[in-house]
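Undergrad: Next comes input07.pdb, PDB, C-alpha atoms:
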```
ATOM      1  CA  ALA G   1     -27.034 -78.983  92.715
ATOM      2  CA  SER G   2     -27.120 -75.974  95.070
ATOM      3  CA  PRO G   3     -23.383 -75.072  94.814
ATOM      4  CA  VAL G   4     -23.533 -75.567  91.040
ATOM      5  CA  LEU G   5     -26.437 -73.136  90.762
ATOM      6  CA  THR G   6     -24.613 -70.583  92.922
ATOM      7  CA  ARG G   7     -21.571 -70.862  90.673
ATOM      8  CA  ARG G   8     -23.639 -70.487  87.501
ATOM      9  CA  LEU G   9     -25.214 -67.318  88.868
ATOM     10  CA  ALA G  10     -21.859 -65.903  89.954
ATOM     11  CA  LEU G  11     -20.228 -66.593  86.576
ATOM     12  CA  ALA G  12     -23.105 -65.461  84.355
ATOM     13  CA  ALA G  13     -21.773 -63.201  81.617
ATOM     14  CA  SER G  14     -24.763 -60.854  81.349
ATOM     15  CA  ALA G  15     -27.865 -59.650  83.129
ATOM     16  CA  GLU G  16     -29.968 -61.564  80.611
ATOM     17  CA  GLU G  17     -28.191 -64.816  81.463
ATOM     18  CA  VAL G  18     -28.729 -64.234  85.199
ATOM     19  CA  LEU G  19     -32.438 -63.646  84.732
ATOM     20  CA  GLU G  20     -32.748 -66.714  82.506
ATOM     21  CA  ILE G  21     -31.149 -68.870  85.197
ATOM     22  CA  VAL G  22     -33.391 -67.314  87.850
ATOM     23  CA  HIS G  23     -36.485 -68.002  85.745
ATOM     24  CA  GLU G  24     -35.396 -71.585  85.036
ATOM     25  CA  HIS G  25     -34.716 -72.375  88.700
ATOM     26  CA  SER G  26     -37.146 -70.022  90.442
ATOM     27  CA  GLU G  27     -38.476 -72.708  92.795
ATOM     28  CA  GLU G  28     -34.976 -73.847  93.779
ATOM     29  CA  LEU G  29     -33.544 -70.455  94.713
ATOM     30  CA  ASN G  30     -32.453 -70.140  98.322
ATOM     31  CA  SER G  31     -31.190 -66.969  99.990
ATOM     32  CA  ILE G  32     -27.606 -67.580  98.844
ATOM     33  CA  HIS G  33     -28.690 -68.064  95.218
ATOM     34  CA  ALA G  34     -30.903 -64.989  95.294
ATOM     35  CA  SER G  35     -28.212 -62.720  96.749
ATOM     36  CA  ALA G  36     -25.642 -64.108  94.271
ATOM     37  CA  ALA G  37     -28.028 -63.248  91.432
ATOM     38  CA  LEU G  38     -28.391 -59.686  92.685
ATOM     39  CA  VAL G  39     -24.620 -59.249  93.036
ATOM     40  CA  THR G  40     -24.002 -60.474  89.492
ATOM     41  CA  LEU G  41     -26.696 -58.153  88.141
ATOM     42  CA  ALA G  42     -25.136 -55.212  89.990
ATOM     43  CA  ARG G  43     -21.680 -56.023  88.655
ATOM     44  CA  SER G  44     -23.055 -56.396  85.151
ATOM     45  CA  ALA G  45     -24.628 -52.952  85.405
ATOM     46  CA  ALA G  46     -21.358 -51.491  86.706
ATOM     47  CA  ARG G  47     -19.398 -53.035  83.822
ATOM     48  CA  SER G  48     -21.762 -51.538  81.261
ATOM     49  CA  GLY G  49     -20.992 -48.074  82.624
ATOM     50  CA  SER G  50     -23.957 -46.534  80.818
ATOM     51  CA  GLY G  51     -26.739 -47.164  83.308
ATOM     52  CA  ASN G  52     -28.724 -48.971  80.600
ATOM     53  CA  VAL G  53     -28.608 -52.321  82.392
ATOM     54  CA  ALA G  54     -29.954 -50.842  85.625
ATOM     55  CA  ALA G  55     -32.678 -48.966  83.752
ATOM     56  CA  THR G  56     -33.680 -52.106  81.850
ATOM     57  CA  LEU G  57     -33.813 -54.148  85.053
ATOM     58  CA  ARG G  58     -36.207 -51.697  86.664
ATOM     59  CA  ARG G  59     -38.672 -52.395  83.830
ATOM     60  CA  SER G  60     -38.064 -56.150  83.800
ATOM     61  CA  PRO G  61     -40.792 -58.516  85.104
ATOM     62  CA  ALA G  62     -38.055 -61.116  85.675
ATOM     63  CA  PHE G  63     -36.162 -58.718  87.924
ATOM     64  CA  ALA G  64     -39.354 -57.906  89.799
ATOM     65  CA  ALA G  65     -39.891 -61.645  90.303
ATOM     66  CA  LEU G  66     -36.336 -62.002  91.637
ATOM     67  CA  LEU G  67     -36.950 -59.218  94.156
ATOM     68  CA  GLU G  68     -40.137 -60.941  95.268
ATOM     69  CA  ARG G  69     -38.164 -64.137  95.812
ATOM     70  CA  VAL G  70     -35.464 -62.258  97.729
ATOM     71  CA  GLN G  71     -38.090 -60.648  99.940
ATOM     72  CA  SER G  72     -39.729 -63.982 100.715
ATOM     73  CA  LEU G  73     -36.337 -65.399 101.760
ATOM     74  CA  LEU G  74     -35.231 -62.497 103.955
ATOM     75  CA  PRO G  75     -36.530 -64.010 107.226
ATOM     76  CA  GLU G  76     -34.037 -66.869 106.774
ATOM     77  CA  SER G  77     -31.205 -64.841 105.206
ATOM     78  CA  ASN G  78     -27.870 -64.576 106.985
ATOM     79  CA  ALA G  79     -25.755 -61.437 107.404
ATOM     80  CA  GLN G  80     -23.794 -61.983 104.185
ATOM     81  CA  CYS G  81     -26.937 -62.394 102.082
ATOM     82  CA  CYS G  82     -28.461 -59.233 103.573
ATOM     83  CA  ALA G  83     -25.272 -57.271 102.937
ATOM     84  CA  ASN G  84     -25.089 -58.561  99.365
ATOM     85  CA  ALA G  85     -28.683 -57.564  98.670
ATOM     86  CA  LEU G  86     -28.235 -54.097 100.135
ATOM     87  CA  TRP G  87     -24.951 -53.488  98.280
ATOM     88  CA  SER G  88     -26.506 -54.657  95.006
ATOM     89  CA  LEU G  89     -29.473 -52.317  95.334
ATOM     90  CA  GLY G  90     -27.092 -49.447  96.058
ATOM     91  CA  LYS G  91     -24.972 -50.307  93.030
ATOM     92  CA  LEU G  92     -28.071 -50.479  90.842
ATOM     93  CA  GLN G  93     -29.502 -47.348  92.474
ATOM     94  CA  HIS G  94     -32.763 -49.234  92.700
ATOM     95  CA  ARG G  95     -35.131 -48.236  95.492
ATOM     96  CA  PRO G  96     -37.585 -51.082  96.071
ATOM     97  CA  GLY G  97     -41.014 -50.577  97.561
ATOM     98  CA  PRO G  98     -41.630 -49.967 101.273
ATOM     99  CA  ALA G  99     -42.421 -53.618 102.052
ATOM    100  CA  PHE G 100     -39.114 -54.843 100.601
ATOM    101  CA  ARG G 101     -37.186 -52.033 102.278
ATOM    102  CA  GLU G 102     -38.707 -52.802 105.655
ATOM    103  CA  ALA G 103     -38.037 -56.531 105.327
ATOM    104  CA  LEU G 104     -34.419 -56.041 104.237
ATOM    105  CA  CYS G 105     -33.715 -53.461 106.933
ATOM    106  CA  ALA G 106     -35.240 -55.668 109.635
ATOM    107  CA  ALA G 107     -33.231 -58.699 108.485
ATOM    108  CA  THR G 108     -29.995 -56.667 108.362
ATOM    109  CA  VAL G 109     -30.577 -55.166 111.815
ATOM    110  CA  ARG G 110     -31.194 -58.661 113.171
ATOM    111  CA  SER G 111     -27.834 -59.888 111.847
ATOM    112  CA  ALA G 112     -25.821 -56.652 112.161
ATOM    113  CA  ALA G 113     -23.549 -58.034 114.876
ATOM    114  CA  GLU G 114     -22.454 -60.806 112.493
ATOM    115  CA  LEU G 115     -21.456 -58.500 109.619
ATOM    116  CA  TRP G 116     -17.805 -58.445 108.602
ATOM    117  CA  PRO G 117     -16.160 -54.988 108.482
ATOM    118  CA  GLN G 118     -16.378 -54.915 104.674
ATOM    119  CA  ASN G 119     -20.072 -55.777 104.902
ATOM    120  CA  VAL G 120     -20.655 -52.936 107.361
ATOM    121  CA  ALA G 121     -18.855 -50.473 105.091
ATOM    122  CA  ASN G 122     -20.769 -51.699 102.028
ATOM    123  CA  CYS G 123     -24.103 -51.463 103.846
ATOM    124  CA  LEU G 124     -23.417 -47.908 105.019
ATOM    125  CA  TRP G 125     -22.398 -46.912 101.496
ATOM    126  CA  ALA G 126     -25.556 -48.475 100.064
ATOM    127  CA  CYS G 127     -27.837 -46.831 102.650
ATOM    128  CA  SER G 128     -26.292 -43.484 101.793
ATOM    129  CA  ARG G 129     -26.793 -44.044  98.076
ATOM    130  CA  LEU G 130     -30.370 -45.248  98.529
ATOM    131  CA  ARG G 131     -31.066 -42.450 101.033
ATOM    132  CA  TRP G 132     -32.201 -44.850 103.718
ATOM    133  CA  THR G 133     -31.415 -42.598 106.643
ATOM    134  CA  PRO G 134     -32.293 -42.577 110.353
ATOM    135  CA  ALA G 135     -35.114 -40.206 109.375
ATOM    136  CA  THR G 136     -36.705 -42.967 107.278
ATOM    137  CA  SER G 137     -39.732 -44.547 108.897
ATOM    138  CA  GLY G 138     -40.006 -48.056 110.269
ATOM    139  CA  ALA G 139     -37.187 -50.605 110.374
ATOM    140  CA  ALA G 140     -35.007 -48.423 108.140
ATOM    141  CA  ALA G 141     -34.735 -45.925 111.002
ATOM    142  CA  ALA G 142     -32.987 -48.573 113.103
ATOM    143  CA  LEU G 143     -30.606 -49.787 110.387
ATOM    144  CA  VAL G 144     -28.077 -46.947 110.328
ATOM    145  CA  PRO G 145     -27.656 -46.845 114.146
ATOM    146  CA  ALA G 146     -27.217 -50.634 114.128
ATOM    147  CA  LEU G 147     -24.539 -50.350 111.449
ATOM    148  CA  ALA G 148     -22.827 -47.564 113.398
ATOM    149  CA  ASP G 149     -22.740 -49.870 116.438
ATOM    150  CA  ALA G 150     -21.222 -52.644 114.303
ATOM    151  CA  MET G 151     -18.633 -50.169 113.040
ATOM    152  CA  GLN G 152     -17.781 -49.186 116.606
ATOM    153  CA  ALA G 153     -17.351 -52.824 117.614
ATOM    154  CA  ASN G 154     -15.082 -53.695 114.693
ATOM    155  CA  ALA G 155     -13.359 -50.414 113.781
ATOM    156  CA  GLY G 156      -9.927 -51.881 114.454
ATOM    157  CA  LYS G 157     -10.482 -54.385 111.635
ATOM    158  CA  PHE G 158     -11.563 -51.828 109.016
ATOM    159  CA  THR G 159      -9.220 -50.990 106.180
ATOM    160  CA  ARG G 160      -8.356 -47.327 105.719
ATOM    161  CA  VAL G 161     -10.742 -47.096 102.753
ATOM    162  CA  GLU G 162     -13.601 -48.750 104.658
ATOM    163  CA  LEU G 163     -13.068 -46.488 107.658
ATOM    164  CA  ALA G 164     -13.006 -43.210 105.705
ATOM    165  CA  ASN G 165     -15.874 -44.186 103.410
ATOM    166  CA  SER G 166     -18.041 -45.380 106.304
ATOM    167  CA  LEU G 167     -17.536 -42.153 108.207
ATOM    168  CA  LYS G 168     -18.459 -40.143 105.109
ATOM    169  CA  ALA G 169     -21.583 -42.253 104.571
ATOM    170  CA  LEU G 170     -22.747 -41.642 108.136
ATOM    171  CA  VAL G 171     -22.310 -37.897 107.681
ATOM    172  CA  GLN G 172     -24.116 -37.909 104.327
ATOM    173  CA  MET G 173     -27.068 -39.593 106.017
ATOM    174  CA  ARG G 174     -27.080 -36.917 108.717
ATOM    175  CA  HIS G 175     -26.305 -39.491 111.384
ATOM    176  CA  ALA G 176     -24.116 -37.912 114.033
ATOM    177  CA  PRO G 177     -21.850 -40.655 115.416
ATOM    178  CA  ASP G 178     -21.270 -40.446 119.142
ATOM    179  CA  SER G 179     -17.936 -39.181 120.421
ATOM    180  CA  GLU G 180     -16.813 -42.694 121.358
ATOM    181  CA  LEU G 181     -17.110 -43.899 117.760
ATOM    182  CA  LEU G 182     -15.369 -40.790 116.433
ATOM    183  CA  ARG G 183     -12.477 -41.193 118.872
ATOM    184  CA  THR G 184     -12.243 -44.848 117.844
ATOM    185  CA  VAL G 185     -12.070 -43.810 114.189
ATOM    186  CA  VAL G 186      -9.278 -41.331 114.946
ATOM    187  CA  ASP G 187      -7.329 -43.811 117.054
ATOM    188  CA  THR G 188      -7.682 -46.573 114.477
ATOM    189  CA  SER G 189      -6.795 -44.394 111.504
ATOM    190  CA  ALA G 190      -3.756 -42.899 113.245
ATOM    191  CA  GLY G 191      -1.727 -45.937 112.240
ATOM    192  CA  GLN G 192      -3.134 -45.895 108.695
ATOM    193  CA  VAL G 193      -2.790 -42.243 107.677
ATOM    194  CA  ALA G 194       0.645 -42.688 106.113
ATOM    195  CA  GLN G 195      -0.964 -45.002 103.521
ATOM    196  CA  TYR G 196      -3.958 -42.752 102.831
ATOM    197  CA  GLY G 197      -4.787 -41.969  99.220
ATOM    198  CA  PRO G 198      -6.556 -38.831  97.968
ATOM    199  CA  GLN G 199     -10.072 -40.124  98.608
ATOM    200  CA  GLU G 200      -9.423 -41.190 102.199
ATOM    201  CA  ILE G 201      -7.777 -37.842 102.964
ATOM    202  CA  THR G 202     -10.683 -35.865 101.540
ATOM    203  CA  ASN G 203     -13.410 -38.048 103.072
ATOM    204  CA  SER G 204     -11.846 -37.924 106.523
ATOM    205  CA  LEU G 205     -11.262 -34.173 106.622
ATOM    206  CA  TRP G 206     -14.646 -33.375 105.093
ATOM    207  CA  SER G 207     -16.421 -35.638 107.601
ATOM    208  CA  TYR G 208     -14.662 -34.156 110.628
ATOM    209  CA  ALA G 209     -15.461 -30.637 109.414
ATOM    210  CA  GLN G 210     -19.127 -31.442 108.748
ATOM    211  CA  LEU G 211     -19.465 -32.941 112.211
ATOM    212  CA  LYS G 212     -17.508 -30.082 113.829
ATOM    213  CA  PHE G 213     -15.493 -32.824 115.493
ATOM    214  CA  HIS G 214     -11.883 -31.857 116.156
ATOM    215  CA  PRO G 215      -9.733 -34.995 115.728
ATOM    216  CA  GLY G 216      -6.746 -33.360 117.403
ATOM    217  CA  GLY G 217      -3.899 -31.256 116.082
ATOM    218  CA  ALA G 218      -1.562 -34.211 115.635
ATOM    219  CA  HIS G 219      -4.100 -36.056 113.494
ATOM    220  CA  LEU G 220      -4.780 -32.986 111.353
ATOM    221  CA  GLU G 221      -1.048 -32.469 110.903
ATOM    222  CA  SER G 222      -0.639 -36.088 109.791
ATOM    223  CA  LEU G 223      -3.431 -35.661 107.249
ATOM    224  CA  ALA G 224      -1.881 -32.414 106.012
ATOM    225  CA  LYS G 225       1.518 -34.019 105.528
ATOM    226  CA  VAL G 226       0.172 -36.962 103.583
ATOM    227  CA  ALA G 227      -1.962 -34.616 101.459
ATOM    228  CA  GLY G 228       1.128 -32.796 100.193
ATOM    229  CA  PRO G 229       2.453 -35.493  97.842
ATOM    230  CA  HIS G 230      -1.084 -36.036  96.510
ATOM    231  CA  ALA G 231      -1.872 -32.343  95.999
ATOM    232  CA  GLN G 232      -2.163 -32.599  92.214
ATOM    233  CA  ASP G 233      -4.123 -35.857  92.382
ATOM    234  CA  PHE G 234      -7.142 -34.196  94.013
ATOM    235  CA  SER G 235     -10.002 -32.739  92.030
ATOM    236  CA  LEU G 236     -10.445 -29.000  92.450
ATOM    237  CA  GLN G 237     -13.520 -29.637  94.583
ATOM    238  CA  ASP G 238     -11.458 -31.857  96.863
ATOM    239  CA  GLN G 239      -8.612 -29.331  97.063
ATOM    240  CA  VAL G 240     -11.108 -26.716  98.195
ATOM    241  CA  ALA G 241     -12.815 -29.146 100.607
ATOM    242  CA  ILE G 242      -9.472 -29.944 102.246
ATOM    243  CA  LEU G 243      -8.542 -26.287 102.729
ATOM    244  CA  ARG G 244     -12.030 -25.475 103.970
ATOM    245  CA  SER G 245     -11.853 -28.347 106.464
ATOM    246  CA  PHE G 246      -8.555 -27.096 107.846
ATOM    247  CA  SER G 247     -10.048 -23.626 108.147
ATOM    248  CA  VAL G 248     -12.991 -24.964 110.179
ATOM    249  CA  PHE G 249     -10.483 -26.074 112.817
ATOM    250  CA  LYS G 250      -8.206 -23.042 112.356
ATOM    251  CA  HIS G 251      -5.411 -25.480 111.565
ATOM    252  CA  ARG G 252      -2.759 -24.087 109.242
ATOM    253  CA  PRO G 253      -1.289 -26.793 106.983
ATOM    254  CA  PRO G 254       2.441 -26.580 106.217
ATOM    255  CA  PRO G 255       3.215 -23.772 103.706
ATOM    256  CA  ASP G 256       4.297 -26.214 100.988
ATOM    257  CA  VAL G 257       1.065 -28.203 101.307
ATOM    258  CA  PHE G 258      -1.043 -25.042 101.198
ATOM    259  CA  ALA G 259       0.899 -23.753  98.185
ATOM    260  CA  ALA G 260       0.451 -27.030  96.297
ATOM    261  CA  LEU G 261      -3.297 -27.117  96.925
ATOM    262  CA  ALA G 262      -3.691 -23.430  96.045
ATOM    263  CA  SER G 263      -1.761 -24.013  92.833
ATOM    264  CA  GLY G 264      -4.269 -26.681  91.849
ATOM    265  CA  VAL G 265      -7.185 -24.351  92.511
ATOM    266  CA  ARG G 266      -5.575 -21.625  90.405
ATOM    267  CA  ALA G 267      -4.976 -24.064  87.535
ATOM    268  CA  GLY G 268      -8.630 -25.148  87.523
ATOM    269  CA  ALA G 269     -10.233 -21.796  88.280
ATOM    270  CA  ALA G 270     -11.567 -21.345  84.746
ATOM    271  CA  THR G 271     -13.894 -24.338  85.086
ATOM    272  CA  ALA G 272     -14.612 -24.078  88.818
ATOM    273  CA  SER G 273     -17.929 -23.039  90.284
ATOM    274  CA  PRO G 274     -18.162 -19.624  91.965
ATOM    275  CA  HIS G 275     -19.136 -21.442  95.170
ATOM    276  CA  ASP G 276     -15.902 -23.462  95.213
ATOM    277  CA  LEU G 277     -13.814 -20.391  94.448
ATOM    278  CA  SER G 278     -15.555 -18.391  97.165
ATOM    279  CA  ASP G 279     -14.918 -21.205  99.643
ATOM    280  CA  PHE G 280     -11.267 -21.202  98.629
ATOM    281  CA  LEU G 281     -10.939 -17.468  99.279
ATOM    282  CA  TRP G 282     -12.722 -17.835 102.610
ATOM    283  CA  ALA G 283     -10.384 -20.656 103.637
ATOM    284  CA  CYS G 284      -7.320 -18.604 102.698
ATOM    285  CA  ALA G 285      -8.563 -15.664 104.749
ATOM    286  CA  THR G 286      -9.486 -17.839 107.732
ATOM    287  CA  LEU G 287      -6.145 -19.620 107.716
ATOM    288  CA  GLY G 288      -4.190 -16.394 107.190
ATOM    289  CA  HIS G 289      -2.446 -17.970 104.193
ATOM    290  CA  SER G 290      -2.039 -15.894 101.027
ATOM    291  CA  PRO G 291      -1.967 -17.906  97.801
ATOM    292  CA  GLY G 292      -0.140 -15.052  96.073
ATOM    293  CA  GLU G 293      -1.318 -12.092  94.048
ATOM    294  CA  ALA G 294      -1.415 -13.935  90.728
ATOM    295  CA  CYS G 295      -3.589 -16.700  92.174
ATOM    296  CA  LEU G 296      -5.924 -14.215  93.843
ATOM    297  CA  ARG G 297      -6.367 -12.276  90.587
ATOM    298  CA  GLU G 298      -7.114 -15.454  88.637
ATOM    299  CA  VAL G 299      -9.624 -16.734  91.186
ATOM    300  CA  ALA G 300     -11.313 -13.349  91.585
ATOM    301  CA  ARG G 301     -11.672 -13.044  87.801
ATOM    302  CA  HIS G 302     -13.542 -16.336  87.548
ATOM    303  CA  VAL G 303     -15.704 -15.672  90.602
ATOM    304  CA  ARG G 304     -17.031 -12.657  88.688
ATOM    305  CA  GLN G 305     -17.232 -14.584  85.406
ATOM    306  CA  PRO G 306     -18.523 -18.087  86.190
ATOM    307  CA  PRO G 307     -17.916 -20.884  83.643
ATOM    308  CA  ALA G 308     -20.414 -21.177  80.808
TER     309      ALA G 308
END
```
How does the structure come out when it is put into structure tokens?
TA:
Amino acid sequence: ASPVLTRRLALAASAEEVLEIVHEHSEELNSIHASAALVTLARSAARSGSGNVAATLRRSPAFAALLERVQSLLPESNAQCCANALWSLGKLQHRPGPAFREALCAATVRSAAELWPQNVANCLWACSRLRWTPATSGAAAALVPALADAMQANAGKFTRVELANSLKALVQMRHAPDSELLRTVVDTSAGQVAQYGPQEITNSLWSYAQLKFHPGGAHLESLAKVAGPHAQDFSLQDQVAILRSFSVFKHRPPPDVFAALASGVRAGAATASPHDLSDFLWACATLGHSPGEACLREVARHVRQPPA
């Protein structure tokens, strides 16, 4: 019956169906069932796109009962179940009470060495979204360092997306990775950069700049070259973040890459924030790259007249 129940929870078509199954089988739920229920609820909320499912769950006694069951099972939960629970809470943007947080963090720390690379990346993303940082008290303070250690141990198995997103999550949580982990990230990603998409490019450069960690001129040049073909795929904020990151390291991207990014900023200047436009001008000045008189006039005009 156990595999059948897991399958029913995984295939449930709605949050209501999940909670009905949970209520019907509350005494039978093991840690695998409970984490499967949370994952399906999180996916249901993501599919709705409106946030209504997540908001409804927070007011639901049935959801509260599920969380109680999850908490009671955490001492026996394996790494996958812990990762599923943490990812689901992040997806739902639901911050449980201190007792649940402490129990989940302690269980995840205990099994951190057994987490797959995708689990590590998902846990770091969730911690960032839930704002469970090293500054958080209790077991939560140990979770992010434990995940960083797991990332260090398995960095070579991370996909390019997992690597870039994990590094960004660490920075967002104000956790400064040690130089050994950062060098491992650079060395691992060196063979992946050619396949980087816009988000990996932005996340990597932004993270290095925030950490004031110079990944090396060759790595920056590789990121600059791969950014060129994607120049118009970035949001304006990302175009500015990329140029600002290069300016932090005084690394001049190739003229064609700079021109393509500057062109995107000029095209979006009318709806850009004064802060982004000011950062763009600062980056241009720092890099000694002129975006051209027409671009400068357009940007300067909107710095003075911010969007309504």
Undergrad: Output as a Markdown table one row per residue of range 155-196 of chain G within 12 Å of range 230-233 of chain G: the closest atom pair and its distance in Å to one decimal place, counting only C-alpha atoms, sorted by chain and residue number ascending.
TA:
```
| residue | atom | partner | partner_atom | distance |
| --- | --- | --- | --- | --- |
| G:Ala194 | CA | G:His230 | CA | 11.8 |
| G:Gln195 | CA | G:His230 | CA | 11.4 |
| G:Tyr196 | CA | G:His230 | CA | 9.7 |
```
Undergrad: Choose the residue, out of G:His275, G:Arg266, G:His219, G:Lys250, that has the smallest atom-to-atom separation from Glu293 in chain G; count only C-alpha atoms.
TA: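 Smallest distance to Glu293 in chain G is found for G:Arg266.
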Undergrad: Please expand the PyMOL selection byres ((chain G and resi 15-18) around 9) into the concrete residues it hits in this file, giving the result as a list of chain:residue names.
TA: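 Taken on the displayed file, the PyMOL selection byres ((chain G and resi 15-18) around 9) yields the residues G:Arg8, G:Leu9, G:Ala10, G:Leu11, G:Ala12, G:Ala13, G:Ser14, G:Leu19, G:Glu20, G:Ile21, G:Val22, G:His23, G:Ala37, G:Leu38, G:Thr40, G:Leu41, G:Ala42, G:Ser44, G:Ala45, G:Val53, G:Leu57.
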Undergrad: Could you list, as a PyMOL selection string, every residue within 8 Å of Ala121 in chain G, counting all atoms listed in the file and ignoring same-chain residues fewer than 6 positions away?
TA: chain G and resi 151+162-163+165-166
Undergrad: Written as a VMD selection string, what is the full residue list that the PyMOL selection byres ((chain G and resi 91) around 12) yields on the file shown?
TA: chain G and resid 38 to 47 49 51 53 to 54 84 to 90 92 to 95 122 to 123 125 to 130
Undergrad: Would you please work out which residue, of G:Thr188, G:Ser263, G:Thr133, G:Asn78, is nearest to Ala112 in chain G when using all atoms listed in the file?
TA: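 Answer, going by the shortest atom-to-atom distance: G:Asn78.
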Undergrad: Could you give me, as a ChimeraX atom specification, the residues that have an atom at most 10 Å away from the point (-34.2, -62.4, 101.9) in the coordinates of the file, using only C-alpha atoms?
TA: /G:30-32,34-35,67-78,81-82,85,100,103-104,107-108
Undergrad: If you apply the PyMOL selection byres ((chain G and resi 114) around 9) to this file, what residues do you get, as a ChimeraX atom specification?
TA: /G:78-80,111-113,115-116,150
Undergrad: As a PDB file, keeping the file's coordinate frame, could you write out range 12-27 of chain G once it has been completed with N, CA, C and O atoms?
TA:
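Output file part-v4.pdb is given in full below:
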```
ATOM      1  N   ALA G  12     -22.291 -65.879  85.506  1.00  0.00           N
ATOM      2  CA  ALA G  12     -23.105 -65.461  84.355  1.00  0.00           C
ATOM      3  C   ALA G  12     -22.492 -64.234  83.693  1.00  0.00           C
ATOM      4  O   ALA G  12     -22.039 -63.304  84.359  1.00  0.00           O
ATOM      5  N   ALA G  13     -22.479 -64.245  82.371  1.00  0.00           N
ATOM      6  CA  ALA G  13     -21.773 -63.201  81.617  1.00  0.00           C
ATOM      7  C   ALA G  13     -22.609 -61.949  81.382  1.00  0.00           C
ATOM      8  O   ALA G  13     -22.080 -60.915  80.965  1.00  0.00           O
ATOM      9  N   SER G  14     -23.902 -62.012  81.620  1.00  0.00           N
ATOM     10  CA  SER G  14     -24.763 -60.854  81.349  1.00  0.00           C
ATOM     11  C   SER G  14     -25.973 -60.880  82.266  1.00  0.00           C
ATOM     12  O   SER G  14     -26.306 -61.917  82.879  1.00  0.00           O
ATOM     13  N   ALA G  15     -26.638 -59.737  82.329  1.00  0.00           N
ATOM     14  CA  ALA G  15     -27.865 -59.650  83.129  1.00  0.00           C
ATOM     15  C   ALA G  15     -28.925 -60.586  82.573  1.00  0.00           C
ATOM     16  O   ALA G  15     -29.678 -61.224  83.329  1.00  0.00           O
ATOM     17  N   GLU G  16     -28.982 -60.694  81.238  1.00  0.00           N
ATOM     18  CA  GLU G  16     -29.968 -61.564  80.611  1.00  0.00           C
ATOM     19  C   GLU G  16     -29.764 -63.022  81.023  1.00  0.00           C
ATOM     20  O   GLU G  16     -30.725 -63.742  81.310  1.00  0.00           O
ATOM     21  N   GLU G  17     -28.477 -63.434  81.075  1.00  0.00           N
ATOM     22  CA  GLU G  17     -28.191 -64.816  81.463  1.00  0.00           C
ATOM     23  C   GLU G  17     -28.597 -65.065  82.917  1.00  0.00           C
ATOM     24  O   GLU G  17     -29.144 -66.124  83.252  1.00  0.00           O
ATOM     25  N   VAL G  18     -28.336 -64.092  83.793  1.00  0.00           N
ATOM     26  CA  VAL G  18     -28.729 -64.234  85.199  1.00  0.00           C
ATOM     27  C   VAL G  18     -30.233 -64.430  85.308  1.00  0.00           C
ATOM     28  O   VAL G  18     -30.720 -65.341  85.998  1.00  0.00           O
ATOM     29  N   LEU G  19     -30.982 -63.585  84.621  1.00  0.00           N
ATOM     30  CA  LEU G  19     -32.438 -63.646  84.732  1.00  0.00           C
ATOM     31  C   LEU G  19     -32.993 -64.919  84.114  1.00  0.00           C
ATOM     32  O   LEU G  19     -34.008 -65.454  84.586  1.00  0.00           O
ATOM     33  N   GLU G  20     -32.327 -65.431  83.085  1.00  0.00           N
ATOM     34  CA  GLU G  20     -32.748 -66.714  82.506  1.00  0.00           C
ATOM     35  C   GLU G  20     -32.564 -67.845  83.507  1.00  0.00           C
ATOM     36  O   GLU G  20     -33.430 -68.717  83.655  1.00  0.00           O
ATOM     37  N   ILE G  21     -31.423 -67.842  84.197  1.00  0.00           N
ATOM     38  CA  ILE G  21     -31.149 -68.870  85.197  1.00  0.00           C
ATOM     39  C   ILE G  21     -32.161 -68.770  86.334  1.00  0.00           C
ATOM     40  O   ILE G  21     -32.686 -69.784  86.817  1.00  0.00           O
ATOM     41  N   VAL G  22     -32.426 -67.536  86.774  1.00  0.00           N
ATOM     42  CA  VAL G  22     -33.391 -67.314  87.850  1.00  0.00           C
ATOM     43  C   VAL G  22     -34.766 -67.841  87.452  1.00  0.00           C
ATOM     44  O   VAL G  22     -35.455 -68.522  88.240  1.00  0.00           O
ATOM     45  N   HIS G  23     -35.175 -67.544  86.217  1.00  0.00           N
ATOM     46  CA  HIS G  23     -36.485 -68.002  85.745  1.00  0.00           C
ATOM     47  C   HIS G  23     -36.540 -69.526  85.682  1.00  0.00           C
ATOM     48  O   HIS G  23     -37.534 -70.148  86.093  1.00  0.00           O
ATOM     49  N   GLU G  24     -35.456 -70.131  85.201  1.00  0.00           N
ATOM     50  CA  GLU G  24     -35.396 -71.585  85.036  1.00  0.00           C
ATOM     51  C   GLU G  24     -35.434 -72.316  86.375  1.00  0.00           C
ATOM     52  O   GLU G  24     -36.001 -73.407  86.488  1.00  0.00           O
ATOM     53  N   HIS G  25     -34.838 -71.696  87.406  1.00  0.00           N
ATOM     54  CA  HIS G  25     -34.716 -72.375  88.700  1.00  0.00           C
ATOM     55  C   HIS G  25     -35.443 -71.622  89.816  1.00  0.00           C
ATOM     56  O   HIS G  25     -35.043 -71.697  90.980  1.00  0.00           O
ATOM     57  N   SER G  26     -36.495 -70.909  89.474  1.00  0.00           N
ATOM     58  CA  SER G  26     -37.146 -70.022  90.442  1.00  0.00           C
ATOM     59  C   SER G  26     -37.564 -70.740  91.726  1.00  0.00           C
ATOM     60  O   SER G  26     -37.473 -70.168  92.822  1.00  0.00           O
ATOM     61  N   GLU G  27     -38.013 -71.991  91.615  1.00  0.00           N
ATOM     62  CA  GLU G  27     -38.476 -72.708  92.795  1.00  0.00           C
ATOM     63  C   GLU G  27     -37.328 -73.257  93.647  1.00  0.00           C
ATOM     64  O   GLU G  27     -37.522 -73.644  94.798  1.00  0.00           O
TER      65      GLU G  27
END
```
